[in-house]
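What follows is the content of query-v6.cif, which has mmCIF, C-alpha atoms:
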data_structure
loop_
_atom_site.label_atom_id
_atom_site.label_comp_id
_atom_site.auth_asym_id
_atom_site.auth_seq_id
_atom_site.Cartn_x
_atom_site.Cartn_y
_atom_site.Cartn_z
CA SER A 1 16.27 12.64 7.64
CA ASN A 2 13.41 14.71 6.28
CA ARG A 3 14.64 13.85 2.80
CA SER A 4 13.44 10.25 3.05
CA LEU A 5 10.17 8.96 1.64
CA ARG A 6 8.44 5.65 2.07
CA LEU A 7 5.59 4.58 -0.15
CA GLY A 8 3.33 1.96 1.36
CA LEU A 9 0.99 0.40 -1.15
CA ALA A 10 -2.32 -0.08 0.59
CA THR A 11 -5.33 -2.07 -0.55
CA GLU A 12 -8.18 -0.40 1.29
CA ARG A 13 -10.62 1.61 -0.84
CA GLY A 14 -8.11 3.88 -2.55
CA GLN A 15 -7.97 6.47 0.22
CA ALA A 16 -4.92 7.85 1.97
CA PHE A 17 -5.02 7.10 5.70
CA ILE A 18 -4.41 10.01 8.05
CA PRO A 19 -4.51 9.03 11.73
CA GLN A 20 -7.02 11.01 13.77
CA GLU A 21 -6.34 12.27 17.29
CA GLY A 22 -7.36 9.63 19.80
CA SER A 23 -7.26 6.83 17.23
CA GLY A 24 -4.29 5.11 18.83
CA MET A 25 -2.24 5.82 15.70
CA GLU A 26 -0.45 8.99 16.83
CA MET A 27 2.98 7.90 15.65
CA THR A 28 4.09 10.93 13.64
CA ASP A 29 6.58 12.08 16.28
CA ARG A 30 8.31 8.67 16.14
CA LEU A 31 8.40 8.12 12.37
CA ARG A 32 11.68 8.86 10.66
CA HIS A 33 10.31 9.19 7.13
CA ARG A 34 7.47 10.67 5.13
CA TYR A 35 4.89 8.09 4.04
CA PHE A 36 2.53 7.98 1.09
CA ALA A 37 -0.14 5.36 0.49
CA LEU A 38 -1.21 4.11 -2.93
CA ARG A 39 -4.07 1.74 -3.56
CA HIS A 40 -3.42 -1.10 -5.98
CA GLY A 41 -4.54 -0.53 -9.56
CA ASP A 42 -7.78 -1.91 -11.01
CA SER A 43 -7.55 -5.68 -10.55
CA GLU A 44 -9.14 -8.76 -12.06
CA ALA A 45 -10.93 -9.27 -8.73
CA ASN A 46 -12.36 -5.74 -8.97
CA VAL A 47 -13.66 -6.48 -12.46
CA ALA A 48 -15.13 -9.82 -11.32
CA GLY A 49 -16.72 -8.08 -8.33
CA ILE A 50 -15.35 -10.60 -5.84
CA ILE A 51 -13.53 -10.48 -2.51
CA ILE A 52 -10.02 -11.94 -2.65
CA SER A 53 -8.34 -11.68 0.74
CA ASP A 54 -6.86 -15.13 1.33
CA PRO A 55 -3.09 -15.05 0.77
CA ALA A 56 -3.22 -18.58 -0.69
CA VAL A 57 -5.28 -17.12 -3.55
CA GLY A 58 -4.36 -13.43 -3.67
CA THR A 59 -0.62 -13.95 -3.89
CA VAL A 60 -0.91 -16.06 -7.05
CA LYS A 61 -4.09 -14.91 -8.84
CA TYR A 62 -6.11 -11.81 -9.64
CA GLY A 63 -3.44 -9.38 -10.76
CA LEU A 64 -3.95 -6.03 -12.46
CA THR A 65 -6.00 -5.34 -15.57
CA GLU A 66 -4.59 -3.23 -18.41
CA VAL A 67 -6.59 -0.31 -16.99
CA GLY A 68 -4.92 -1.01 -13.66
CA PHE A 69 -1.41 -0.96 -15.11
CA ALA A 70 -2.13 2.32 -16.93
CA GLY A 71 -3.51 3.89 -13.76
CA VAL A 72 -0.42 2.93 -11.77
CA ARG A 73 1.87 4.43 -14.41
CA ALA A 74 -0.14 7.67 -14.27
CA SER A 75 0.09 7.68 -10.46
CA ALA A 76 3.87 7.25 -10.61
CA GLU A 77 4.17 10.16 -13.04
CA ALA A 78 2.00 12.33 -10.78
CA PHE A 79 4.05 11.32 -7.71
CA ALA A 80 7.31 12.17 -9.48
CA ALA A 81 5.98 15.56 -10.56
CA SER A 82 4.10 16.65 -7.44
CA VAL A 83 6.26 15.13 -4.68
CA LEU A 84 9.71 14.88 -6.25
CA GLY A 85 9.43 17.79 -8.69
CA VAL A 86 10.62 15.73 -11.67
CA THR A 87 8.82 15.07 -14.95
CA ALA A 88 9.68 12.71 -17.79
CA GLY A 89 12.18 14.44 -20.07
CA GLY A 90 12.40 17.37 -17.65
CA GLY A 91 16.12 17.15 -17.00
CA ALA A 92 17.95 17.01 -13.67
CA PRO A 93 16.05 17.96 -10.51
CA ALA A 94 16.79 21.34 -8.94
CA SER A 95 17.76 19.81 -5.58
CA PRO A 96 18.89 16.38 -4.39
CA LEU A 97 16.07 13.87 -4.43
CA PRO A 98 15.05 12.08 -1.26
CA HIS A 99 15.52 8.36 -0.89
CA VAL A 100 12.41 6.49 -2.03
CA ARG A 101 11.55 3.01 -0.78
CA ILE A 102 8.45 1.12 -1.83
CA HIS A 103 6.88 -1.36 0.58
CA ALA A 104 4.04 -3.53 -0.69
CA SER A 105 2.04 -6.58 0.26
CA ASP A 106 2.84 -9.78 -1.60
CA PHE A 107 -0.65 -10.07 -3.11
CA LYS A 108 -0.35 -10.29 -6.90
CA ARG A 109 -2.35 -7.10 -7.57
CA THR A 110 -0.25 -5.15 -5.07
CA ALA A 111 3.10 -6.59 -6.12
CA GLU A 112 2.31 -5.73 -9.76
CA THR A 113 1.29 -2.24 -8.66
CA ALA A 114 4.54 -1.77 -6.75
CA GLN A 115 6.73 -3.05 -9.59
CA THR A 116 4.94 -0.96 -12.23
CA PHE A 117 5.20 2.12 -10.02
CA ALA A 118 8.91 1.46 -9.47
CA ASP A 119 9.58 0.81 -13.18
CA THR A 120 7.84 4.06 -14.11
CA LEU A 121 9.85 6.02 -11.52
CA ARG A 122 13.05 4.40 -12.81
CA GLU A 123 12.29 5.65 -16.32
CA ILE A 124 11.50 9.18 -15.12
CA LEU A 125 14.32 9.54 -12.59
CA LYS A 126 16.96 7.58 -14.51
CA ASP A 127 20.29 8.42 -12.83
CA HIS A 128 18.87 10.63 -10.07
CA CYS A 129 17.99 7.91 -7.51
CA SER A 130 19.70 4.84 -6.16
CA GLU A 131 18.75 1.50 -7.67
CA GLU A 132 17.26 0.53 -4.27
CA SER A 133 14.46 3.01 -4.98
CA PHE A 134 13.20 0.76 -7.75
CA VAL A 135 13.08 -2.56 -5.91
CA PRO A 136 9.79 -2.98 -4.03
CA ILE A 137 10.13 -4.49 -0.56
CA PRO A 138 7.59 -7.25 0.17
CA THR A 139 5.90 -6.42 3.47
CA VAL A 140 3.35 -9.05 4.48
CA GLU A 141 1.97 -6.84 7.25
CA LEU A 142 0.46 -4.68 4.49
CA ARG A 143 -1.67 -7.52 3.12
CA GLU A 144 -5.35 -7.12 2.42
CA ARG A 145 -7.58 -7.62 5.42
CA TYR A 146 -8.72 -11.24 5.59
CA PHE A 147 -12.51 -11.40 5.14
CA GLY A 148 -13.04 -14.99 6.26
CA GLU A 149 -16.29 -16.57 5.06
CA LEU A 150 -16.77 -13.78 2.51
CA GLU A 151 -13.72 -14.96 0.52
CA GLY A 152 -14.58 -15.39 -3.16
CA GLY A 153 -18.03 -13.90 -2.66
CA PRO A 154 -19.44 -10.62 -4.00
CA ASN A 155 -17.61 -7.46 -3.00
CA THR A 156 -20.94 -5.87 -2.16
CA ARG A 157 -20.61 -7.70 1.19
CA TYR A 158 -17.77 -5.46 2.44
CA ASP A 159 -20.34 -3.12 3.99
CA ASP A 160 -21.66 -5.96 6.15
CA ILE A 161 -18.27 -6.17 7.86
CA TRP A 162 -17.62 -2.42 7.98
CA ASP A 163 -20.98 -1.80 9.66
CA ILE A 164 -19.89 -4.12 12.47
CA ASP A 165 -16.42 -2.53 12.59
CA ARG A 166 -18.02 0.82 13.38
CA GLN A 167 -19.63 -0.73 16.46
CA ASP A 168 -16.72 -2.89 17.61
CA ALA A 169 -13.25 -2.73 16.03
CA SER A 170 -12.24 -5.95 17.82
CA ALA A 171 -15.11 -8.01 16.32
CA GLU A 172 -14.35 -10.82 13.86
CA PRO A 173 -17.62 -11.16 11.94
CA CYS A 174 -17.82 -14.04 9.44
CA SER A 175 -14.40 -15.17 10.75
CA ALA A 176 -12.87 -12.03 9.25
CA GLU A 177 -9.76 -10.40 10.67
CA SER A 178 -10.75 -7.63 13.07
CA ALA A 179 -10.25 -3.98 12.13
CA GLU A 180 -8.17 -3.69 15.30
CA GLY A 181 -5.94 -6.53 14.08
CA VAL A 182 -5.40 -4.79 10.74
CA ARG A 183 -4.55 -1.52 12.48
CA SER A 184 -2.12 -3.30 14.78
CA ARG A 185 -0.16 -5.13 12.07
CA THR A 186 -0.01 -2.20 9.65
CA GLY A 187 0.91 0.18 12.48
CA TRP A 188 3.69 -2.19 13.48
CA ALA A 189 4.95 -2.32 9.90
CA PHE A 190 5.26 1.44 9.62
CA GLY A 191 6.46 1.97 13.17
CA HIS A 192 9.10 -0.76 13.11
CA ARG A 193 9.77 -2.65 9.90
CA CYS A 194 9.59 0.31 7.48
CA ALA A 195 10.81 3.10 9.76
CA GLY A 196 13.56 1.04 11.34
CA VAL A 197 15.48 0.23 8.17
CA PRO A 198 18.59 2.48 8.10
CA TRP A 199 19.59 4.32 4.92
#
Render the structure in this file as structure tokens.
Amino acid sequence: SNRSLRLGLATERGQAFIPQEGSGMEMTDRLRHRYFALRHGDSEANVAGIIISDPAVGTVKYGLTEVGFAGVRASAEAFAASVLGVTAGGGAPASPLPHVRIHASDFKRTAETAQTFADTLREILKDHCSEESFVPIPTVELRERYFGELEGGPNTRYDDIWDIDRQDASAEPCSAESAEGVRSRTGWAFGHRCAGVPW
């Protein structure tokens, strides 16, 4: 159905990802839903200026800051207005709303982003969406890229890895997960786990 939306909460640099021709990500003809990506809100790791990519740490520590929570609420309001055509206190929508499902990594900063986004949508949409729309779906394939030896170090080191990625997407510098590995697992999530769930 074209009336179905999936929101994947990504953790990479706050940019929406649009596959480029020849990138190996040409899946649009096979996807059953529309997808939107949202970066996690400002986190305690962002404020500390450190890399947190190990699930043993990121799933239990370094959640959102107050600025992060506020930013997520604003993003949910903007999503409701610009994509769904509904504003807080604006009454019933003019047409039936699409199904909305939120998939998110289980990292604390991302799970808090997903739940805050869902709670804000619930308040705006009230009785216009199913309760399933407001229950984020943990999707481990959407986890932060693992940065290996850079874990816990300064986030200024990201560029060291990305410079190598541009030369060889299969490289694993500093024992980091390869860019190709990230693409493969996230592509699988959207092509199978997210898209394959019937509504």
Test item: residues at most 10 Å from A:Glu112, only C-alpha atoms, excluding those fewer than 6 positions along its chain, as a ChimeraX atom specification: /A:40-41,43,63-64,68-69,72,104,106,118,136
Can you turn the PyMOL selection byres ((chain A and resi 141-143) around 10) into a concrete residue list for this file, as a CSV table (one decimal) with C-alpha atoms, in the coordinates of the input?
chain,number,residue,atom,x,y,z
A,8,GLY,CA,3.3,2.0,1.4
A,9,LEU,CA,1.0,0.4,-1.2
A,10,ALA,CA,-2.3,-0.1,0.6
A,11,THR,CA,-5.3,-2.1,-0.6
A,12,GLU,CA,-8.2,-0.4,1.3
A,53,SER,CA,-8.3,-11.7,0.7
A,54,ASP,CA,-6.9,-15.1,1.3
A,55,PRO,CA,-3.1,-15.0,0.8
A,58,GLY,CA,-4.4,-13.4,-3.7
A,59,THR,CA,-0.6,-14.0,-3.9
A,103,HIS,CA,6.9,-1.4,0.6
A,104,ALA,CA,4.0,-3.5,-0.7
A,105,SER,CA,2.0,-6.6,0.3
A,106,ASP,CA,2.8,-9.8,-1.6
A,107,PHE,CA,-0.6,-10.1,-3.1
A,110,THR,CA,-0.2,-5.2,-5.1
A,138,PRO,CA,7.6,-7.2,0.2
A,139,THR,CA,5.9,-6.4,3.5
A,140,VAL,CA,3.4,-9.0,4.5
A,144,GLU,CA,-5.4,-7.1,2.4
A,145,ARG,CA,-7.6,-7.6,5.4
A,146,TYR,CA,-8.7,-11.2,5.6
A,182,VAL,CA,-5.4,-4.8,10.7
A,183,ARG,CA,-4.6,-1.5,12.5
A,184,SER,CA,-2.1,-3.3,14.8
A,185,ARG,CA,-0.2,-5.1,12.1
A,186,THR,CA,0.0,-2.2,9.6
A,187,GLY,CA,0.9,0.2,12.5
A,188,TRP,CA,3.7,-2.2,13.5
A,189,ALA,CA,5.0,-2.3,9.9
A,190,PHE,CA,5.3,1.4,9.6
A,193,ARG,CA,9.8,-2.6,9.9
Among the residues A:Ala76, A:Val86, A:Cys129, A:Ala171, the one that comes closest to A:Ala37 [using all atoms listed in the file]: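 Among the listed residues, the smallest separation from A:Ala37 belongs to A:Ala76.
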Residue nearest A:Lys61 - candidates A:Lys108, A:Leu121, A:Ser170, A:His99, atoms counted: only C-alpha atoms: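 Distance minimum relative to A:Lys61 lands on A:Lys108.
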Given all atoms listed in the file as the counted atoms, nearest of A:Arg101, A:Phe36, A:Val47, A:Ala74 to A:Pro154: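 Between A:Arg101, A:Phe36, A:Val47, A:Ala74, the residue approaching A:Pro154 most closely is A:Val47.
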12 Å contact set for A:Ile164, all atoms listed in the file, chain neighbours under 6 positions out, as a count of residues only: 10
Residues in the PyMOL selection byres ((chain A and resi 50) around 7), expressed as a count of residues only: 10
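Distances from A:Phe147, A:Phe134, A:Trp162, A:Phe117 to A:Arg73 were compared using all atoms listed in the file, and the smallest one belongs to A:Phe117.
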For atom CA of A:Glu177 and atom CA of A:Asp42, the interatomic separation in Å (one decimal): 23.4 Å
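Residue nearest A:Glu77, chosen from A:His128, A:Arg109, A:His33, A:Arg122 and counting only C-alpha atoms: A:Arg122.
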Between atom CA of A:Val135 and atom CA of A:Ile102, distance in Å (one decimal): 7.2 Å
